[in-house]
2 protein chains.
Amino acid sequence: MSESAPAPTRGAATLDDVARAAGVSLATASRVLNGSTRKVAESYRERVEAAAEQLGYTANLSAQATARGTSGIIALLVADIADPYFGQLASGVARGADEAGLIVTIAITERDPQREVRLVRALRGQRPRGLILAASRPDGPDAAGLQTELDAFAGMGGRVVALGPVGGDIRSVTIDNRGGSRALGAELAGLGYREAVVIGAAEGIRTSDDRIAGFTEGFTSGGGTIREVLRGAFTRDAGYAAAEDLVARDLPSGTVVFGISDVVAIGIMSAIRDAGRTVGGDVAVAGFDDIATGRDIRPGLTTVRVPLEDLGYRALHAAIEPEWDAAQPTAPLEVIVRGSTPPVR
Amino acid sequence: MSESAPAPTRGAATLDDVARAAGVSLATASRVLNGSTRKVAESYRERVEAAAEQLGYTANLSAQATARGTSGIIALLVADIADPYFGQLASGVARGADEAGLIVTIAITERDPQREVRLVRALRGQRPRGLILAASRPDGPDAAGLQTELDAFAGMGGRVVALGPVGGDIRSVTIDNRGGSRALGAELAGLGYREAVVIGAAEGIRTSDDRIAGFTEGFTSGGGTIREVLRGAFTRDAGYAAAEDLVARDLPSGTVVFGISDVVAIGIMSAIRDAGRTVGGDVAVAGFDDIATGRDIRPGLTTVRVPLEDLGYRALHAAIEPEWDAAQPTAPLEVIVRGSTPPVR
DNA sequence: CACACTAGGGAAAGCGCTTACCCACCACCA
DNA sequence: TGGTGGTGGGTAAGCGCTTTCCCTAGTGTG
């Protein structure tokens with residue numbers, strides 16, 4: 001009688017164990033279990049499969065990667081995985097990777113450019129097939145160091161994909177930040193708003209700059225005025241702090257505050273309320289991204305819908321597809337007006 | 001003069017390249033760069049380090065894992081990374097892993113038990129040092145299959161850590177779901193509520209069952225009555241759907257609805273509002289977990305604070321520490337009363 | 001019936017590392 | 001001056017796979 005427990009006594013079953021159990025050579029076992037162009041006779045195939053099943057064999061991916069010289073790994077670099085923006089993005093990446101039979105490893109930059117450089121270097125050790133950079137990087141002093149690492153990465157055969165436009169021959173998945181916020185600005189002007197304050201991230205961060213520029217274009221061409229542009233970061237707390245300051249100084253009723261992202265906008269809303277003002281009729285607020293939360297807060301947050309999950313999915317594909325159409329249709333953005341920006345009566 | 005560009009022309013620099021460039025043996029280079037108990041003379045060390053730097057060498061982790069027979073990888077299994085609950089948890093895991101110099105790979109179960117089993121098996125291929133199961137699994141029909149995979153995993157030398165109590169010799173990081181919700185129930189009864197409806201996940205899901213039981217104890221012992229327990233899942237949409245149904249049928253003003261988790265509670269709040277009712281004075285709502293969003297919605301969501309980030313961090317340590325005190329002090333839970341459950345006047 | 005071919009299994013040479021194990025060399029001591 | 005231990009570098013044997021070659025059979029052809 002044969003053992004029915006698939007448990008090898010010590011350690012994991014190796015291909016060698018399987019081959020021995022099936023009474024075939026290592027080569028044949030490999031061909032059957034881990035794919036090959038070579039055909040294997042049905043009778044052998046069955047024996048190998050049975051043995052593998054019996055031993056609970058799973059190929060050792062590290063060894064496989066060493067032997068093949070390439071590794072089914074996709075590395076994903078995000079600023080903060082607890083942030084819903086990155087969460088949704090990661091979700092799309094994970095889905096795509098799963099479909100393609102790839103594994104995703106994740107690393108957190110904590111928005112620290114130096115840390116980002118270190119992480120890219122460390123991740124290189126895995127010899128990933130692709131590296132997806134979702135962390136927004138300023139084009140600051142560490143950009144050179146990053147570029148060096150990315151070059152090394154690419155020189156190693158890995159593909160780098162960035163979210164947002166970048167220089168070099170790096171593939172990137174972009175959204176029309178400028179156009180989206182222009183449409184938002186225009187829409188708000190159309191609703192009757194005439195005064196706006198923008199709360200953005202630090203100058204030099206491309207996404208932030210683009211959104212600010214677009215919003216300004218749209219809002220002013222619709223007849224509005226940008227009273228002020230404050231700088232913070234892409235976080236809820238930065239939005240809160242900036243808005244707190246704003247309210248304390250001077251924030252006339254009827255003003256609309258544009259937070260560079262929904263996360264920021266949500267912080268802004270809280271600050272406004274904590275200061276005893278109300279969001280909507282008194283102070284209007286708008287964001288960008290359309291994270292899930294925006295739907296559930298009251299009033300609902302006016303924003304620009306970004307297909308984040310889809311973006312992650314596309315980034316994954318940009319990382320694995322041999323050919324890549326750089327001029328690929330960028331996902332359409334859509335302005336979503338909710339209660340946080342009621343029409344000015 | 002020496003090259004200043006650290007770019008190897010083709011492929012990544014190997015340890016062999018470094019050794020050759022430094023004029024030392026492979027063994028010495030390995031000892032210098034990748035740690036060893038053996039000492040290496042300063043002069044050699046310097047030469048090796050210079051060569052490595054010069055070539056932009058980074059150890060190939062796959063090869064290292066194959067040779068060492070162990071892999072600095074921690075696998076994390078979550079139901080949905082876009083869900084803030086798992087996002088915060090993952091954040092803690094990532095932080096701990098980073099501190100320990102480990103890499104985390106993430107996989108998404110999509111709450112599908114069969115998929116979970118498949119994923120555990122696939123993840124085994126990486127021969128991870130540890131596997132953290134954060135997906136809530138029902139003790140359903142697939143439990144046996146999962147257990148088999150987990151045993152195989154453990155038999156391979158990997159450590160399995162589950163969030164929430166489990167059988168077997170699996171380490172687990174738990175929180176006092178029952179005690180927390182008991183306290184919440186008591187608190188709500190103390191605020192004057194007398195009628196409650198609970199919206200939980202499917203029967204058999206431990207976390208849900210514990211929270212329901214605890215809440216029931218606390219609320220009834222405070223003089224309240226549980227009118228009804230509805231079943232859904234740990235998602236916003238499930239909460240929404242259940243509450244929608246509830247409101248349509250019959251939901252007297254003054255009732256408090258306890259959502260098994262904040263995510264569910266947030267769905268409940270939206271459904272209540274979309275039905276034209278108001279949250280707070282009319283229908284009260286409470287949740288569990290204290291995800292970040294709960295702070296920013298209005299009224300604020302009454303909940304039980306769970307240190308999610310910390311939980312993830314502890315799970316990571318449970319996975320890597322050789323010794324593990326199962327009876328470790330479980331993080332204290334704290335009831336947080338916010339505007340969604342005003343005192344009954 | 002001899003002669004190409006064409007499967008298709010197996011032996012063995014890697015892949016990039018780690019790590020016994022061996023050994024030359026240099027004190028140090030009696 | 002001849003042991004006798006450290007030190008510390010190098011050699012080579014793996015780790016678990018993949019893949020190139022080689023080689024034996026089986027097949028079809030004139």
# chains A, B, ... in the order shown; residues from 1 in each chain; ligands from 1

call {"tool": "closest_atom_pairs", "arguments": {"of": "chain B", "to": "chain D", "cutoff": "9 Å", "atoms": "only C-alpha atoms (C1' of nucleotides)", "output": "JSON lines"}}
result
{"residue": "B:Val24", "atom": "CA", "partner": "D:DG9", "partner_atom": "C1'", "distance": 8.5}
{"residue": "B:Ser25", "atom": "CA", "partner": "D:DG10", "partner_atom": "C1'", "distance": 6.3}
{"residue": "B:Leu26", "atom": "CA", "partner": "D:DG10", "partner_atom": "C1'", "distance": 8.5}
{"residue": "B:Ala27", "atom": "CA", "partner": "D:DG10", "partner_atom": "C1'", "distance": 7.4}
{"residue": "B:Thr28", "atom": "CA", "partner": "D:DG9", "partner_atom": "C1'", "distance": 7.2}
{"residue": "B:Arg38", "atom": "CA", "partner": "D:DG8", "partner_atom": "C1'", "distance": 8.1}
{"residue": "B:Lys39", "atom": "CA", "partner": "D:DG8", "partner_atom": "C1'", "distance": 7.1}
{"residue": "B:Val40", "atom": "CA", "partner": "D:DG8", "partner_atom": "C1'", "distance": 6.6}
{"residue": "B:Ala41", "atom": "CA", "partner": "D:DG8", "partner_atom": "C1'", "distance": 7.5}
{"residue": "B:Ala63", "atom": "CA", "partner": "D:DC15", "partner_atom": "C1'", "distance": 8.7}
{"residue": "B:Ala65", "atom": "CA", "partner": "D:DC15", "partner_atom": "C1'", "distance": 8.6}
{"residue": "B:Thr66", "atom": "CA", "partner": "D:DC15", "partner_atom": "C1'", "distance": 5.2}
{"residue": "B:Ala67", "atom": "CA", "partner": "D:DC15", "partner_atom": "C1'", "distance": 4.5}
{"residue": "B:Arg68", "atom": "CA", "partner": "D:DC15", "partner_atom": "C1'", "distance": 7.2}
{"residue": "B:Gly69", "atom": "CA", "partner": "D:DC15", "partner_atom": "C1'", "distance": 6.7}

call {"tool": "calpha_fit_and_write", "arguments": {"fixed": "chain A", "moving": "chain B", "output": "short mmCIF file (atom, residue, chain, number, x, y, z; two decimals) with C-alpha atoms, in the first residue's frame"}}
result
data_model
loop_
_atom_site.label_atom_id
_atom_site.label_comp_id
_atom_site.auth_asym_id
_atom_site.auth_seq_id
_atom_site.Cartn_x
_atom_site.Cartn_y
_atom_site.Cartn_z
CA MET B 1 -0.55 0.35 -0.53
CA SER B 2 0.73 3.86 -1.01
CA GLU B 3 1.13 6.55 1.58
CA SER B 4 -1.76 8.93 1.56
CA ALA B 5 -0.19 11.73 3.56
CA PRO B 6 1.68 14.06 1.22
CA ALA B 7 4.03 15.07 4.00
CA PRO B 8 7.71 14.57 3.40
CA THR B 9 9.30 13.87 6.74
CA ARG B 10 11.91 16.56 6.71
CA GLY B 11 12.27 19.64 4.57
CA ALA B 12 10.43 20.08 1.34
CA ALA B 13 10.33 17.44 -1.34
CA THR B 14 12.78 18.20 -4.10
CA LEU B 15 12.52 17.45 -7.75
CA ASP B 16 15.06 14.78 -7.16
CA ASP B 17 12.79 13.07 -4.66
CA VAL B 18 10.01 13.14 -7.18
CA ALA B 19 12.17 11.78 -9.97
CA ARG B 20 13.44 9.00 -7.79
CA ALA B 21 9.95 8.13 -6.59
CA ALA B 22 8.69 8.06 -10.16
CA GLY B 23 11.71 6.14 -11.36
CA VAL B 24 12.63 8.66 -14.01
CA SER B 25 15.49 11.04 -14.52
CA LEU B 26 15.65 14.51 -13.08
CA ALA B 27 15.33 15.97 -16.54
CA THR B 28 12.11 14.16 -17.25
CA ALA B 29 10.60 15.17 -13.96
CA SER B 30 11.53 18.76 -14.63
CA ARG B 31 10.01 18.62 -18.07
CA VAL B 32 6.77 17.27 -16.78
CA LEU B 33 6.35 19.50 -13.80
CA ASN B 34 7.83 22.79 -14.74
CA GLY B 35 7.00 23.15 -18.37
CA SER B 36 9.21 22.70 -21.35
CA THR B 37 8.98 22.59 -25.10
CA ARG B 38 9.92 18.94 -25.01
CA LYS B 39 7.25 16.32 -25.04
CA VAL B 40 7.15 13.54 -22.48
CA ALA B 41 5.40 10.24 -23.04
CA GLU B 42 2.06 9.94 -21.35
CA SER B 43 3.10 7.00 -19.22
CA TYR B 44 6.06 8.87 -17.79
CA ARG B 45 4.07 12.00 -17.32
CA GLU B 46 1.51 10.20 -15.26
CA ARG B 47 4.06 8.58 -13.04
CA VAL B 48 5.78 11.86 -12.39
CA GLU B 49 2.58 13.67 -11.68
CA ALA B 50 1.46 11.00 -9.29
CA ALA B 51 4.75 11.08 -7.45
CA ALA B 52 4.67 14.87 -7.22
CA GLU B 53 1.15 14.84 -5.91
CA GLN B 54 2.03 12.15 -3.48
CA LEU B 55 5.01 14.01 -2.10
CA GLY B 56 3.30 17.38 -2.09
CA TYR B 57 6.00 18.73 -4.34
CA THR B 58 6.16 22.40 -5.17
CA ALA B 59 9.04 23.73 -7.22
CA ASN B 60 11.52 25.81 -5.31
CA LEU B 61 11.14 29.16 -6.99
CA SER B 62 14.51 30.44 -5.85
CA ALA B 63 16.30 27.53 -7.39
CA GLN B 64 14.18 27.90 -10.46
CA ALA B 65 15.04 31.55 -10.71
CA THR B 66 18.73 30.83 -10.28
CA ALA B 67 18.70 28.20 -12.94
CA ARG B 68 16.53 30.06 -15.39
CA GLY B 69 18.17 33.37 -14.74
CA THR B 70 14.86 35.12 -14.44
CA SER B 71 12.40 35.40 -11.61
CA GLY B 72 8.59 35.75 -11.74
CA ILE B 73 8.72 38.62 -9.30
CA ILE B 74 7.26 42.07 -9.64
CA ALA B 75 8.41 44.59 -7.09
CA LEU B 76 6.00 47.32 -6.09
CA LEU B 77 7.15 50.45 -4.39
CA VAL B 78 4.52 52.57 -2.69
CA ALA B 79 4.70 55.44 -0.28
CA ASP B 80 2.27 53.99 2.22
CA ILE B 81 0.20 50.89 1.82
CA ALA B 82 -2.35 52.00 4.39
CA ASP B 83 -3.22 54.94 2.19
CA PRO B 84 -6.32 54.01 0.17
CA TYR B 85 -4.81 55.51 -2.95
CA PHE B 86 -1.93 53.08 -2.90
CA GLY B 87 -4.15 50.33 -1.62
CA GLN B 88 -6.35 50.47 -4.67
CA LEU B 89 -3.39 50.75 -6.95
CA ALA B 90 -1.74 47.75 -5.31
CA SER B 91 -4.95 45.87 -5.69
CA GLY B 92 -4.82 46.26 -9.46
CA VAL B 93 -1.18 45.30 -9.58
CA ALA B 94 -1.86 42.21 -7.52
CA ARG B 95 -4.73 41.18 -9.74
CA GLY B 96 -2.66 41.51 -12.88
CA ALA B 97 0.24 39.67 -11.33
CA ASP B 98 -1.98 36.87 -10.23
CA GLU B 99 -3.38 36.48 -13.71
CA ALA B 100 0.12 36.36 -15.12
CA GLY B 101 1.33 33.90 -12.52
CA LEU B 102 3.69 36.39 -11.00
CA ILE B 103 4.45 37.18 -7.42
CA VAL B 104 4.46 40.70 -6.07
CA THR B 105 6.73 41.92 -3.36
CA ILE B 106 5.95 45.21 -1.80
CA ALA B 107 8.11 47.85 -0.20
CA ILE B 108 7.18 51.06 1.53
CA THR B 109 9.10 54.26 0.93
CA GLU B 110 7.39 56.25 3.68
CA ARG B 111 7.75 59.14 1.25
CA ASP B 112 11.43 59.35 1.98
CA PRO B 113 13.40 59.75 -1.26
CA GLN B 114 16.60 58.39 0.23
CA ARG B 115 14.78 55.43 1.56
CA GLU B 116 13.35 54.94 -1.87
CA VAL B 117 16.79 54.77 -3.39
CA ARG B 118 17.89 52.24 -0.80
CA LEU B 119 14.83 50.15 -1.40
CA VAL B 120 15.28 50.04 -5.14
CA ARG B 121 18.79 48.83 -4.57
CA ALA B 122 17.66 46.20 -2.11
CA LEU B 123 14.87 45.07 -4.38
CA ARG B 124 17.36 44.62 -7.16
CA GLY B 125 18.67 41.69 -5.21
CA GLN B 126 15.54 39.80 -6.09
CA ARG B 127 16.24 40.29 -9.77
CA PRO B 128 12.57 41.10 -10.34
CA ARG B 129 11.12 41.02 -13.78
CA GLY B 130 9.64 44.41 -13.18
CA LEU B 131 9.64 47.28 -10.77
CA ILE B 132 6.62 49.50 -10.36
CA LEU B 133 7.22 52.86 -8.80
CA ALA B 134 4.05 54.26 -7.40
CA ALA B 135 5.64 56.52 -4.88
CA SER B 136 5.54 60.09 -6.00
CA ARG B 137 9.05 61.37 -6.08
CA PRO B 138 10.03 64.95 -6.15
CA ASP B 139 12.50 65.75 -8.88
CA GLY B 140 14.74 66.76 -6.04
CA PRO B 141 18.34 66.21 -5.03
CA ASP B 142 17.95 62.45 -4.73
CA ALA B 143 16.64 62.08 -8.22
CA ALA B 144 20.11 61.43 -9.57
CA GLY B 145 20.74 58.64 -7.10
CA LEU B 146 17.41 57.10 -7.96
CA GLN B 147 18.13 57.33 -11.63
CA THR B 148 21.42 55.53 -11.15
CA GLU B 149 19.69 52.72 -9.31
CA LEU B 150 16.98 52.51 -11.92
CA ASP B 151 19.55 52.34 -14.66
CA ALA B 152 21.32 49.56 -12.85
CA PHE B 153 17.99 47.85 -12.52
CA ALA B 154 17.23 48.16 -16.19
CA GLY B 155 20.76 47.15 -17.11
CA MET B 156 20.07 43.96 -15.23
CA GLY B 157 17.19 43.19 -17.50
CA GLY B 158 14.36 44.40 -15.31
CA ARG B 159 11.67 46.70 -16.53
CA VAL B 160 10.88 49.84 -14.63
CA VAL B 161 7.41 51.32 -14.77
CA ALA B 162 6.60 54.60 -13.14
CA LEU B 163 3.26 56.09 -12.38
CA GLY B 164 3.31 59.49 -13.86
CA PRO B 165 5.60 60.88 -16.52
CA VAL B 166 9.32 60.38 -16.13
CA GLY B 167 12.38 60.96 -18.19
CA GLY B 168 14.58 58.34 -19.77
CA ASP B 169 13.40 55.18 -21.42
CA ILE B 170 11.29 54.21 -18.46
CA ARG B 171 7.81 53.11 -19.28
CA SER B 172 5.12 54.98 -17.52
CA VAL B 173 1.45 54.85 -16.93
CA THR B 174 -0.01 58.27 -16.76
CA ILE B 175 -3.27 59.98 -16.25
CA ASP B 176 -4.19 63.37 -17.48
CA ASN B 177 -3.81 65.15 -14.19
CA ARG B 178 -3.79 68.49 -15.82
CA GLY B 179 -6.81 67.90 -18.00
CA GLY B 180 -8.75 66.35 -15.16
CA SER B 181 -8.18 69.18 -12.79
CA ARG B 182 -8.81 71.69 -15.54
CA ALA B 183 -12.20 70.12 -16.04
CA LEU B 184 -12.77 70.16 -12.31
CA GLY B 185 -11.82 73.82 -12.08
CA ALA B 186 -14.10 74.69 -14.95
CA GLU B 187 -16.94 72.74 -13.44
CA LEU B 188 -16.58 74.52 -10.12
CA ALA B 189 -16.46 77.88 -11.80
CA GLY B 190 -19.58 76.84 -13.64
CA LEU B 191 -21.26 76.07 -10.35
CA GLY B 192 -20.74 79.67 -9.41
CA TYR B 193 -17.59 79.62 -7.30
CA ARG B 194 -15.37 82.62 -7.73
CA GLU B 195 -12.70 82.20 -5.11
CA ALA B 196 -10.54 79.16 -4.61
CA VAL B 197 -7.69 78.06 -2.44
CA VAL B 198 -5.51 75.16 -3.47
CA ILE B 199 -3.74 72.89 -1.03
CA GLY B 200 -1.07 70.96 -2.84
CA ALA B 201 2.04 68.98 -2.14
CA ALA B 202 5.56 70.33 -2.23
CA GLU B 203 6.63 72.17 -5.30
CA GLY B 204 8.47 69.91 -7.71
CA ILE B 205 6.19 66.97 -7.25
CA ARG B 206 4.92 66.51 -10.73
CA THR B 207 1.47 65.20 -10.00
CA SER B 208 0.79 68.01 -7.63
CA ASP B 209 2.15 70.66 -9.94
CA ASP B 210 0.10 69.39 -12.85
CA ARG B 211 -3.07 69.28 -10.87
CA ILE B 212 -2.53 72.75 -9.54
CA ALA B 213 -1.77 74.11 -12.98
CA GLY B 214 -4.77 72.44 -14.55
CA PHE B 215 -7.10 73.55 -11.83
CA THR B 216 -5.85 77.07 -12.11
CA GLU B 217 -6.42 77.11 -15.85
CA GLY B 218 -9.89 75.71 -15.61
CA PHE B 219 -11.02 77.81 -12.71
CA THR B 220 -9.66 81.11 -13.89
CA SER B 221 -10.80 80.67 -17.43
CA GLY B 222 -14.26 80.12 -15.97
CA GLY B 223 -14.02 83.46 -14.27
CA GLY B 224 -12.67 82.45 -10.89
CA THR B 225 -9.63 83.56 -8.95
CA ILE B 226 -7.08 81.47 -7.11
CA ARG B 227 -6.58 83.29 -3.84
CA GLU B 228 -3.76 81.18 -2.60
CA VAL B 229 -1.80 77.97 -3.09
CA LEU B 230 -0.63 76.22 0.06
CA ARG B 231 1.95 73.45 0.11
CA GLY B 232 1.88 70.31 2.16
CA ALA B 233 2.03 66.69 1.17
CA PHE B 234 -0.21 63.93 -0.11
CA THR B 235 -1.50 63.03 3.31
CA ARG B 236 -4.63 63.50 5.32
CA ASP B 237 -2.70 65.19 8.09
CA ALA B 238 -1.01 67.62 5.75
CA GLY B 239 -4.41 68.58 4.40
CA TYR B 240 -5.74 68.98 7.88
CA ALA B 241 -2.85 71.14 8.99
CA ALA B 242 -2.95 73.39 5.96
CA ALA B 243 -6.70 73.86 6.23
CA GLU B 244 -6.46 74.50 9.94
CA ASP B 245 -4.04 77.27 9.24
CA LEU B 246 -6.19 78.58 6.45
CA VAL B 247 -9.32 78.70 8.53
CA ALA B 248 -7.50 80.37 11.37
CA ARG B 249 -6.20 83.10 9.10
CA ASP B 250 -9.09 83.87 6.86
CA LEU B 251 -11.43 81.74 4.84
CA PRO B 252 -14.46 83.57 3.50
CA SER B 253 -17.68 81.67 3.16
CA GLY B 254 -18.30 80.65 -0.41
CA THR B 255 -14.69 79.76 -1.09
CA VAL B 256 -13.89 76.39 -2.58
CA VAL B 257 -10.82 74.59 -1.32
CA PHE B 258 -9.22 72.19 -3.75
CA GLY B 259 -7.20 69.46 -2.10
CA ILE B 260 -4.62 67.93 -4.39
CA SER B 261 -5.93 64.47 -3.64
CA ASP B 262 -8.96 63.01 -1.91
CA VAL B 263 -6.91 62.03 1.07
CA VAL B 264 -5.82 65.62 1.46
CA ALA B 265 -9.35 66.86 0.85
CA ILE B 266 -10.68 64.63 3.57
CA GLY B 267 -8.19 66.11 5.99
CA ILE B 268 -9.33 69.52 4.87
CA MET B 269 -12.96 68.70 5.52
CA SER B 270 -12.17 67.56 9.03
CA ALA B 271 -10.17 70.68 9.79
CA ILE B 272 -12.95 72.89 8.54
CA ARG B 273 -15.45 71.16 10.72
CA ASP B 274 -13.22 71.07 13.73
CA ALA B 275 -12.93 74.82 13.35
CA GLY B 276 -16.69 75.06 13.64
CA ARG B 277 -17.36 75.78 9.99
CA THR B 278 -19.40 73.57 7.72
CA VAL B 279 -18.48 71.87 4.50
CA GLY B 280 -20.72 72.56 1.56
CA GLY B 281 -22.74 75.74 1.68
CA ASP B 282 -20.16 77.52 3.80
CA VAL B 283 -16.82 76.23 2.57
CA ALA B 284 -16.79 73.97 -0.45
CA VAL B 285 -14.17 71.25 -0.85
CA ALA B 286 -13.05 69.23 -3.82
CA GLY B 287 -10.44 66.53 -4.22
CA PHE B 288 -8.92 64.29 -6.84
CA ASP B 289 -8.73 60.48 -7.26
CA ASP B 290 -12.17 59.36 -6.12
CA ILE B 291 -11.05 56.95 -3.46
CA ALA B 292 -13.79 54.76 -2.06
CA THR B 293 -14.18 56.80 1.09
CA GLY B 294 -15.31 59.85 -0.83
CA ARG B 295 -18.57 58.10 -1.50
CA ASP B 296 -19.33 57.46 2.12
CA ILE B 297 -18.54 60.72 3.77
CA ARG B 298 -21.14 63.45 4.00
CA PRO B 299 -21.38 65.61 2.15
CA GLY B 300 -19.99 63.44 -0.60
CA LEU B 301 -16.67 64.65 -1.91
CA THR B 302 -16.58 66.31 -5.30
CA THR B 303 -13.61 64.89 -7.12
CA VAL B 304 -12.12 63.62 -10.33
CA ARG B 305 -12.52 59.93 -10.81
CA VAL B 306 -9.25 58.11 -11.45
CA PRO B 307 -9.46 54.41 -12.23
CA LEU B 308 -6.83 53.50 -9.67
CA GLU B 309 -7.30 49.78 -9.70
CA ASP B 310 -7.13 49.82 -13.43
CA LEU B 311 -4.06 51.99 -13.33
CA GLY B 312 -2.30 49.42 -11.19
CA TYR B 313 -3.39 46.71 -13.56
CA ARG B 314 -2.02 48.62 -16.50
CA ALA B 315 1.22 49.33 -14.72
CA LEU B 316 1.67 45.63 -14.18
CA HIS B 317 1.14 45.00 -17.85
CA ALA B 318 3.51 47.76 -18.78
CA ALA B 319 6.06 45.88 -16.74
CA ILE B 320 5.60 42.52 -18.40
CA GLU B 321 4.52 43.17 -21.94
CA PRO B 322 7.40 42.98 -24.41
CA GLU B 323 5.93 45.70 -26.54
CA TRP B 324 4.49 48.78 -25.01
CA ASP B 325 2.61 51.50 -26.68
CA ALA B 326 3.70 54.59 -24.85
CA ALA B 327 0.99 56.59 -26.50
CA GLN B 328 -1.64 54.25 -25.22
CA PRO B 329 -5.01 55.78 -24.54
CA THR B 330 -4.88 57.15 -21.09
CA ALA B 331 -7.87 56.27 -18.99
CA PRO B 332 -10.61 58.87 -19.20
CA LEU B 333 -11.04 61.02 -16.15
CA GLU B 334 -14.41 62.15 -15.08
CA VAL B 335 -15.45 64.96 -12.81
CA ILE B 336 -17.82 63.81 -10.12
CA VAL B 337 -19.78 66.49 -8.39
CA ARG B 338 -21.11 65.63 -4.99
CA GLY B 339 -22.46 67.52 -2.02
CA SER B 340 -19.20 69.08 -0.93
CA THR B 341 -19.54 71.64 -3.70
CA PRO B 342 -23.19 72.62 -3.98
CA PRO B 343 -24.12 75.10 -6.69
CA VAL B 344 -23.69 78.63 -5.43
CA ARG B 345 -27.11 80.10 -5.09
#

call {"tool": "interface_residues", "arguments": {"of": "chain C", "to": "chain B", "cutoff": "7 Å", "atoms": "only C-alpha atoms (C1' of nucleotides)", "output": "number ranges by chain"}}
result
C: 16-18

call {"tool": "select_by_dssp", "arguments": {"residues": "range 90-167 of chain B", "states": "alpha helix (DSSP H)", "output": "PyMOL selection string"}}
result
chain B and resi 90-99+113-124+143-155

call {"tool": "select_by_dssp", "arguments": {"residues": "range 171-321 of chain B", "states": "strand (DSSP E or B)", "output": "PyMOL selection string"}}
result
chain B and resi 171-173+195-201+225-232+256-259+279+283-286+289+302-305
